[in-house]
Amino acid sequence: MSVMPTPKGVGDLSVQGWIVFLAYFGVAALCYRAAASCWRDPGASSRLCRVWIALTAILVLLGVNKQLDFHVWLNAYGRMLAESEGWYQNRWIVQVTFFSGFAAAVAVVGLYLIWLGWGHLRLISGALLGMGGLAAFLLIRAISFDVLDLRTYVGGIKLHEILEMLGVFLIGVAALGYSRSRD
């Protein structure tokens, strides 16, 4: 097998890309602060506190991916493997299987967050709505690689980028609101 070349377009080096990258980590810090506020509250549910920890972890992973673009590397590796193994013409089978598995994983994470926060949905509804926006962003990005081109623009910005920024913003507002109500 040949050595995989560095894929083109790794990392979002635009000003907007760096702002979203920093926002992921800033909002992750707010979620961590919300988790700390939750753990200090003797009346708080440990499941609710785990929602904020899970959101912290998700945002850190998405922030790292924003600049390292693991999905671009995975796509390049898959393309190289398909070409070298002779099944490039039938790669759609792997793509559909991968997307289906990815969509299922996103749904499981979302349902898990809802289950953890059940009984406290009023306190985390903004964060869950933000995660819904991020889930839509992730699914649009995942299906847009080789299968479809879903680059719909709204005011000069790609729709999936709006969903990403809005999702991060809503989670941040929810985390800040939760922390302030507990401190």
# chains A, B, ... in the order shown; residues from 1 in each chain; ligands from 1

call {"tool": "residues_around", "arguments": {"residues": "Leu170 (chain A)", "least_positions_apart": "3", "cutoff": "10 Å", "atoms": "only C-alpha atoms", "output": "count of residues only"}}
result
16

call {"tool": "select_by_dssp", "arguments": {"residues": "region 8-66 of chain A", "states": "alpha helix (DSSP H)", "output": "number ranges by chain"}}
result
A: 15-40, 46-66

call {"tool": "residues_around", "arguments": {"residues": "Arg47 (chain A)", "least_positions_apart": "3", "cutoff": "7 Å", "atoms": "only C-alpha atoms", "output": "compact mmCIF listing (two decimals) with N, CA and C atoms, in the first residue's frame"}}
result
# COMPACT_ATOMS: atom_id res chain seq x y z
N ARG A 50 -23.45 15.40 34.94
CA ARG A 50 -22.78 14.65 33.87
C ARG A 50 -23.13 15.17 32.49
N VAL A 51 -24.30 15.79 32.35
CA VAL A 51 -24.65 16.43 31.07
C VAL A 51 -23.61 17.50 30.75
N LEU A 116 -29.83 11.64 30.40
CA LEU A 116 -29.12 12.14 31.58
C LEU A 116 -29.84 13.33 32.19
N GLY A 117 -30.34 14.21 31.32
CA GLY A 117 -30.95 15.44 31.81
C GLY A 117 -32.44 15.34 32.09

call {"tool": "select_by_dssp", "arguments": {"residues": "region 21-182 of chain A", "states": "strand (DSSP E or B)", "output": "list in words"}}
result
Tyr153, Val154, Ile157 and Lys158 of chain A

call {"tool": "closest_residue", "arguments": {"among": "A:Cys49, A:Ile171, A:Arg91, A:Gly119", "to": "Ala28 (chain A)", "atoms": "only C-alpha atoms"}}
result
A:Ile171

call {"tool": "residues_around", "arguments": {"residues": "region 97-114 of chain A", "least_positions_apart": "4", "cutoff": "9 Å", "atoms": "only C-alpha atoms", "output": "short mmCIF file (atom, residue, chain, number, x, y, z; two decimals) with N, CA and C atoms, in the first residue's frame"}}
result
data_model
loop_
_atom_site.label_atom_id
_atom_site.label_comp_id
_atom_site.auth_asym_id
_atom_site.auth_seq_id
_atom_site.Cartn_x
_atom_site.Cartn_y
_atom_site.Cartn_z
N ARG A 50 -23.45 15.40 34.94
CA ARG A 50 -22.78 14.65 33.87
C ARG A 50 -23.13 15.17 32.49
N VAL A 51 -24.30 15.79 32.35
CA VAL A 51 -24.65 16.43 31.07
C VAL A 51 -23.61 17.50 30.75
N ALA A 54 -20.31 15.93 29.84
CA ALA A 54 -20.38 15.37 28.49
C ALA A 54 -20.29 16.48 27.44
N LEU A 55 -21.00 17.57 27.66
CA LEU A 55 -20.94 18.70 26.73
C LEU A 55 -19.53 19.28 26.66
N TRP A 92 -19.63 3.73 -2.70
CA TRP A 92 -20.88 4.25 -2.16
C TRP A 92 -21.45 3.34 -1.08
N ILE A 93 -21.19 2.04 -1.19
CA ILE A 93 -21.69 1.10 -0.18
C ILE A 93 -21.04 1.42 1.18
N TRP A 118 -33.00 14.14 31.89
CA TRP A 118 -34.44 13.97 32.10
C TRP A 118 -34.83 14.43 33.51
N LEU A 121 -34.88 19.09 32.12
CA LEU A 121 -34.80 19.59 30.75
C LEU A 121 -34.95 21.11 30.67
N LEU A 128 -29.35 21.59 24.88
CA LEU A 128 -29.80 20.49 24.01
C LEU A 128 -30.18 21.01 22.63
N MET A 131 -26.98 21.50 20.88
CA MET A 131 -26.44 20.21 20.43
C MET A 131 -27.19 19.72 19.20
N GLY A 132 -28.47 20.03 19.12
CA GLY A 132 -29.23 19.68 17.91
C GLY A 132 -28.68 20.41 16.69
N ALA A 135 -25.46 18.74 15.86
CA ALA A 135 -25.73 17.44 15.24
C ALA A 135 -26.09 17.62 13.77
N LEU A 138 -22.94 18.44 11.88
CA LEU A 138 -22.09 17.25 11.69
C LEU A 138 -22.65 16.34 10.61
N LEU A 139 -23.95 16.14 10.61
CA LEU A 139 -24.55 15.25 9.61
C LEU A 139 -24.46 15.84 8.21
N ALA A 142 -20.91 15.37 7.14
CA ALA A 142 -20.60 13.96 6.87
C ALA A 142 -21.16 13.52 5.52
N ILE A 143 -22.36 13.94 5.19
CA ILE A 143 -22.96 13.49 3.94
C ILE A 143 -22.46 14.31 2.74
#

call {"tool": "atom_distance", "arguments": {"atom1": "CA of Arg182 (chain A)", "atom2": "CA of Arg122 (chain A)"}}
result
14.4 Å

call {"tool": "atom_distance", "arguments": {"atom1": "CA of Cys38 (chain A)", "atom2": "CA of His120 (chain A)"}}
result
12.0 Å

call {"tool": "closest_residue", "arguments": {"among": "A:Val94, A:Ala136, A:Ala29, A:Ile58", "to": "Asn75 (chain A)", "atoms": "only C-alpha atoms"}}
result
A:Val94

call {"tool": "closest_residue", "arguments": {"among": "A:Ile124, A:Trp115, A:Leu48, A:Leu74", "to": "Gly177 (chain A)", "atoms": "only C-alpha atoms"}}
result
A:Ile124

call {"tool": "residues_around", "arguments": {"residues": "region 13-26 of chain A", "least_positions_apart": "5", "cutoff": "7 Å", "atoms": "only C-alpha atoms", "output": "mmCIF file with C-alpha atoms, in the first residue's frame"}}
result
data_model
loop_
_atom_site.group_PDB
_atom_site.id
_atom_site.type_symbol
_atom_site.label_atom_id
_atom_site.label_comp_id
_atom_site.auth_asym_id
_atom_site.auth_seq_id
_atom_site.Cartn_x
_atom_site.Cartn_y
_atom_site.Cartn_z
ATOM 1 C CA LEU A 59 -16.996 20.595 22.571
ATOM 2 C CA VAL A 60 -13.291 19.944 23.195
ATOM 3 C CA GLY A 63 -12.778 22.130 18.721
ATOM 4 C CA LYS A 66 -12.119 22.080 13.738
ATOM 5 C CA MET A 165 -21.977 28.754 15.204
ATOM 6 C CA VAL A 168 -22.016 26.587 20.024
#
